[in-house]
Amino acid sequence: MKNSSKLLFYSMMIMSTMMIISSENILSMWMGLEINMISFIPIMFEEKNTSSAESCMIYFLTQSLGSILLLISVLIYPLISIYQFTLDEWVKTLMSSSMLIKLGVPPFHFWFPSILDKMNWENCMILMTWQKIGPLSMLSMMYIPAIQMIIVLSVIVGAMSGLNQTSIRKIMAYSSINHMGWIIACMKMENQLWFKYFMIYSFMIITITMSFNFNSMFFINQMSTNLSGFTEKASITISMMSIGGLPPFLGFLPKWMVIQNMIPSHSFTIITVMIMMSLITLLFYLRLIVTSFTISASTMKWIKSSKNKMLEMMIMVNLSLPLISLMSY
């Protein structure tokens with residue numbers, strides 16, 4: 001893809017998300033979602049091979065299905081005044097389901113790991129961060145029926161399905177599904193909290209996918225062979241522990257905020273399930289870390305290089321929980 005084409009599609013993708021956030025009309029939001037989808041598909045098809053074509057097709061079909069459901073719910077909405085009691089719940093369910101399909105939240109999650117496994121790390125990073133902003137902002141404005149079931153299902157599917165994976169991209173996909181459960185829990189409690197959680201989550205995803213991209217790591221066995229120095233291993237270890245939500249790393253802060261906001265509503269069963277599933281996600285992160293440190297372990301030296309300066313900065317930011325937690329109060 002030429003640089004001018006890439007600039008056009010990236011700018012369209014950014015502008016369409018801004019359009020979704022700033023719109024007051026649901027049809028304008030729908031238009032923003034469509035532009036966002038059409039601008040991301042050429043970015044996905046940058047590498048012209050079979051796996052890219054498959055991922056583009058799956059992405060197009062799932063996003064189109066979500067858009068169709070959203071349009072149907074918008075068209076049915078005027079009939080609510082006639083059939084108040086029968087249609088109201090159905091329309092709300094259709095609207096929220098359309099966004100859950102676009103986000104890849106269980107029970108509509110099957111397309112998400114299969115797509116990520118066929119993409120490069122840059123596109124994985126965009127799909128796990130930027131492409132979720134529009135649907136999440138729309139979902140935060142909607143009534144979500146059976147929200148507790150969706151939260152529990154998301155954290156359980158994200159944790160359990162990641163245990164038997166060897167592909168790092170699939171592990172990150174199921175980790176993202178698990179985090180979606182926490183973000184939807186934010187929407188249940190305090191509507192603005194989801195954005196704070198999402199910002200910290202996005203930062204962690206960007207740093208960890210950049211590390212995987214620099215070292216060309218796609219499978220667990222490459223964790224031991226592709227990481228040369230101790231600095232790289234330490235940065236990935238700290239990033240993994242951070243995204244798993246282990247204190248004293250930065251990733252613990254958003255989970256701490258969610259738990260703190262859920263306690264007043266006495267949602268102790270859901271909190272317990274969410275914490276237990278977070279421990280299971282930490283288990284498959286530990287599998288990656290143990291592989292990199294034990295099998296074919298290289299020299300334990302802090303080798304200075306230009307790349308390592310960025311990795312050291314990532315370590316410092318992920319260890320900055322005490323400072324950031326003080327600033328948040």
# chains A, B, ... in the order shown; residues from 1 in each chain; ligands from 1

call {"tool": "residues_around", "arguments": {"residues": "Cys186 in chain A", "least_positions_apart": "4", "cutoff": "9 Å", "atoms": "only C-alpha atoms", "output": "JSON, numbers by chain"}}
result
{"A": [181, 182, 190, 191, 192, 193, 194, 195, 197, 257, 258, 261, 262]}

call {"tool": "select_by_dssp", "arguments": {"residues": "range 57-164 of chain A", "states": "helix (DSSP H, G or I)", "output": "PyMOL selection string"}}
result
chain A and resi 57-81+84-103+111-116+121-128+130-139+147-160

call {"tool": "write_last_selection", "arguments": {"atoms": "C-alpha atoms", "output": "tab-separated table (two decimals), in the first residue's frame"}}
result
chain	number	residue	atom	x	y	z
A	57	MET	CA	-14.02	-11.30	4.84
A	58	ILE	CA	-14.77	-12.43	8.42
A	59	TYR	CA	-14.44	-8.85	9.70
A	60	PHE	CA	-16.71	-7.49	6.95
A	61	LEU	CA	-19.44	-10.09	7.54
A	62	THR	CA	-19.51	-9.73	11.34
A	63	GLN	CA	-19.45	-5.92	11.27
A	64	SER	CA	-22.16	-5.90	8.60
A	65	LEU	CA	-24.33	-8.20	10.73
A	66	GLY	CA	-23.93	-5.80	13.67
A	67	SER	CA	-24.84	-2.82	11.49
A	68	ILE	CA	-27.92	-4.60	10.05
A	69	LEU	CA	-29.20	-5.37	13.56
A	70	LEU	CA	-28.64	-1.74	14.58
A	71	LEU	CA	-30.56	-0.48	11.52
A	72	ILE	CA	-33.44	-2.92	12.13
A	73	SER	CA	-33.73	-1.75	15.75
A	74	VAL	CA	-33.75	1.91	14.61
A	75	LEU	CA	-36.52	1.17	12.05
A	76	ILE	CA	-38.61	-0.77	14.61
A	77	TYR	CA	-38.24	1.97	17.26
A	78	PRO	CA	-41.22	4.14	16.05
A	79	LEU	CA	-43.53	1.14	16.56
A	80	ILE	CA	-42.81	1.15	20.33
A	81	SER	CA	-45.49	3.81	20.87
A	84	GLN	CA	-45.26	-0.46	24.12
A	85	PHE	CA	-44.96	-3.59	26.22
A	86	THR	CA	-43.95	-6.13	23.60
A	87	LEU	CA	-41.36	-4.29	21.49
A	88	ASP	CA	-39.46	-2.09	23.96
A	89	GLU	CA	-37.31	-4.88	25.45
A	90	TRP	CA	-36.73	-6.48	22.03
A	91	VAL	CA	-35.45	-3.22	20.50
A	92	LYS	CA	-33.10	-2.59	23.42
A	93	THR	CA	-31.80	-6.16	23.18
A	94	LEU	CA	-31.25	-5.83	19.41
A	95	MET	CA	-29.38	-2.53	19.77
A	96	SER	CA	-27.07	-3.76	22.52
A	97	SER	CA	-26.53	-7.10	20.71
A	98	SER	CA	-25.40	-5.25	17.57
A	99	MET	CA	-22.68	-3.49	19.58
A	100	LEU	CA	-21.67	-6.71	21.38
A	101	ILE	CA	-21.21	-8.38	17.95
A	102	LYS	CA	-19.01	-5.49	16.80
A	103	LEU	CA	-16.92	-5.70	19.97
A	111	TRP	CA	-14.85	-14.20	15.05
A	112	PHE	CA	-12.44	-12.16	17.20
A	113	PRO	CA	-9.62	-14.69	18.01
A	114	SER	CA	-9.72	-16.21	14.51
A	115	ILE	CA	-9.28	-12.76	12.92
A	116	LEU	CA	-6.44	-11.71	15.24
A	121	TRP	CA	0.79	-7.10	15.28
A	122	GLU	CA	0.11	-3.52	14.10
A	123	ASN	CA	-3.39	-4.41	12.91
A	124	CYS	CA	-3.98	-6.51	16.04
A	125	MET	CA	-3.13	-3.45	18.12
A	126	ILE	CA	-5.61	-1.25	16.17
A	127	LEU	CA	-8.38	-3.87	16.40
A	128	MET	CA	-7.90	-4.33	20.16
A	130	TRP	CA	-8.97	2.04	18.44
A	131	GLN	CA	-11.65	-0.06	16.73
A	132	LYS	CA	-13.39	-0.63	20.07
A	133	ILE	CA	-13.84	3.07	20.93
A	134	GLY	CA	-16.88	3.68	18.68
A	135	PRO	CA	-18.94	0.59	19.66
A	136	LEU	CA	-18.03	1.04	23.35
A	137	SER	CA	-19.11	4.70	23.38
A	138	MET	CA	-22.43	3.68	21.77
A	139	LEU	CA	-22.88	0.75	24.16
A	147	ILE	CA	-25.66	-7.21	31.84
A	148	GLN	CA	-24.55	-9.38	34.76
A	149	MET	CA	-24.69	-12.51	32.61
A	150	ILE	CA	-22.64	-10.78	29.85
A	151	ILE	CA	-20.00	-9.65	32.38
A	152	VAL	CA	-19.65	-13.15	33.89
A	153	LEU	CA	-19.65	-14.83	30.45
A	154	SER	CA	-16.96	-12.45	29.14
A	155	VAL	CA	-14.54	-12.97	32.02
A	156	ILE	CA	-15.06	-16.76	32.06
A	157	VAL	CA	-14.70	-17.24	28.26
A	158	GLY	CA	-11.69	-14.90	28.13
A	159	ALA	CA	-9.91	-16.77	30.94
A	160	MET	CA	-10.79	-20.39	30.15

call {"tool": "atom_distance", "arguments": {"atom1": "CA of Pro254 in chain A", "atom2": "CA of Val290 in chain A"}}
result
25.7 Å

call {"tool": "residues_around", "arguments": {"residues": "range 34-40 of chain A", "least_positions_apart": "2", "cutoff": "6 Å", "atoms": "only C-alpha atoms", "output": "list in words"}}
result
Phe9, Met13, Ser16, Met31, Gly32, Pro42 and Ile43 of chain A

call {"tool": "closest_atom_pairs", "arguments": {"of": "range 161-249 of chain A", "to": "range 271-288 of chain A", "cutoff": "10 Å", "atoms": "only C-alpha atoms", "output": "JSON lines"}}
result
{"residue": "A:Ser161", "atom": "CA", "partner": "A:Thr281", "partner_atom": "CA", "distance": 9.6}
{"residue": "A:Gly162", "atom": "CA", "partner": "A:Phe284", "partner_atom": "CA", "distance": 6.9}
{"residue": "A:Leu163", "atom": "CA", "partner": "A:Phe284", "partner_atom": "CA", "distance": 5.8}
{"residue": "A:Asn164", "atom": "CA", "partner": "A:Phe284", "partner_atom": "CA", "distance": 8.6}
{"residue": "A:Gln165", "atom": "CA", "partner": "A:Phe284", "partner_atom": "CA", "distance": 8.7}
{"residue": "A:Thr166", "atom": "CA", "partner": "A:Leu288", "partner_atom": "CA", "distance": 9.4}
{"residue": "A:Ile168", "atom": "CA", "partner": "A:Leu288", "partner_atom": "CA", "distance": 8.5}
{"residue": "A:Ile171", "atom": "CA", "partner": "A:Phe284", "partner_atom": "CA", "distance": 7.9}
{"residue": "A:Met172", "atom": "CA", "partner": "A:Tyr285", "partner_atom": "CA", "distance": 9.5}
{"residue": "A:Tyr174", "atom": "CA", "partner": "A:Thr281", "partner_atom": "CA", "distance": 8.9}
{"residue": "A:Ser175", "atom": "CA", "partner": "A:Thr281", "partner_atom": "CA", "distance": 7.0}
{"residue": "A:Asn178", "atom": "CA", "partner": "A:Ser278", "partner_atom": "CA", "distance": 8.0}
{"residue": "A:His179", "atom": "CA", "partner": "A:Ser278", "partner_atom": "CA", "distance": 9.1}
{"residue": "A:Gly181", "atom": "CA", "partner": "A:Met274", "partner_atom": "CA", "distance": 8.3}
{"residue": "A:Trp182", "atom": "CA", "partner": "A:Met274", "partner_atom": "CA", "distance": 7.7}
{"residue": "A:Ala185", "atom": "CA", "partner": "A:Ile271", "partner_atom": "CA", "distance": 9.6}
{"residue": "A:Phe219", "atom": "CA", "partner": "A:Leu288", "partner_atom": "CA", "distance": 9.3}
{"residue": "A:Ile220", "atom": "CA", "partner": "A:Leu288", "partner_atom": "CA", "distance": 6.1}
{"residue": "A:Asn221", "atom": "CA", "partner": "A:Leu288", "partner_atom": "CA", "distance": 8.6}
{"residue": "A:Gln222", "atom": "CA", "partner": "A:Leu288", "partner_atom": "CA", "distance": 9.6}
{"residue": "A:Met223", "atom": "CA", "partner": "A:Leu288", "partner_atom": "CA", "distance": 6.8}
{"residue": "A:Ser224", "atom": "CA", "partner": "A:Leu288", "partner_atom": "CA", "distance": 9.0}
{"residue": "A:Ile236", "atom": "CA", "partner": "A:Leu288", "partner_atom": "CA", "distance": 9.4}
{"residue": "A:Thr237", "atom": "CA", "partner": "A:Leu286", "partner_atom": "CA", "distance": 8.4}
{"residue": "A:Ser239", "atom": "CA", "partner": "A:Tyr285", "partner_atom": "CA", "distance": 9.8}
{"residue": "A:Met240", "atom": "CA", "partner": "A:Tyr285", "partner_atom": "CA", "distance": 6.0}
{"residue": "A:Met241", "atom": "CA", "partner": "A:Leu282", "partner_atom": "CA", "distance": 7.1}
{"residue": "A:Ser242", "atom": "CA", "partner": "A:Leu282", "partner_atom": "CA", "distance": 9.6}
{"residue": "A:Ile243", "atom": "CA", "partner": "A:Leu282", "partner_atom": "CA", "distance": 8.7}
{"residue": "A:Gly244", "atom": "CA", "partner": "A:Leu282", "partner_atom": "CA", "distance": 5.3}
{"residue": "A:Gly245", "atom": "CA", "partner": "A:Ser278", "partner_atom": "CA", "distance": 7.3}
{"residue": "A:Leu246", "atom": "CA", "partner": "A:Leu282", "partner_atom": "CA", "distance": 8.0}

call {"tool": "atom_distance", "arguments": {"atom1": "CA of Met187 in chain A", "atom2": "CA of Phe249 in chain A"}}
result
23.7 Å

call {"tool": "atom_distance", "arguments": {"atom1": "CA of Phe212 in chain A", "atom2": "CA of Pro107 in chain A"}}
result
28.5 Å
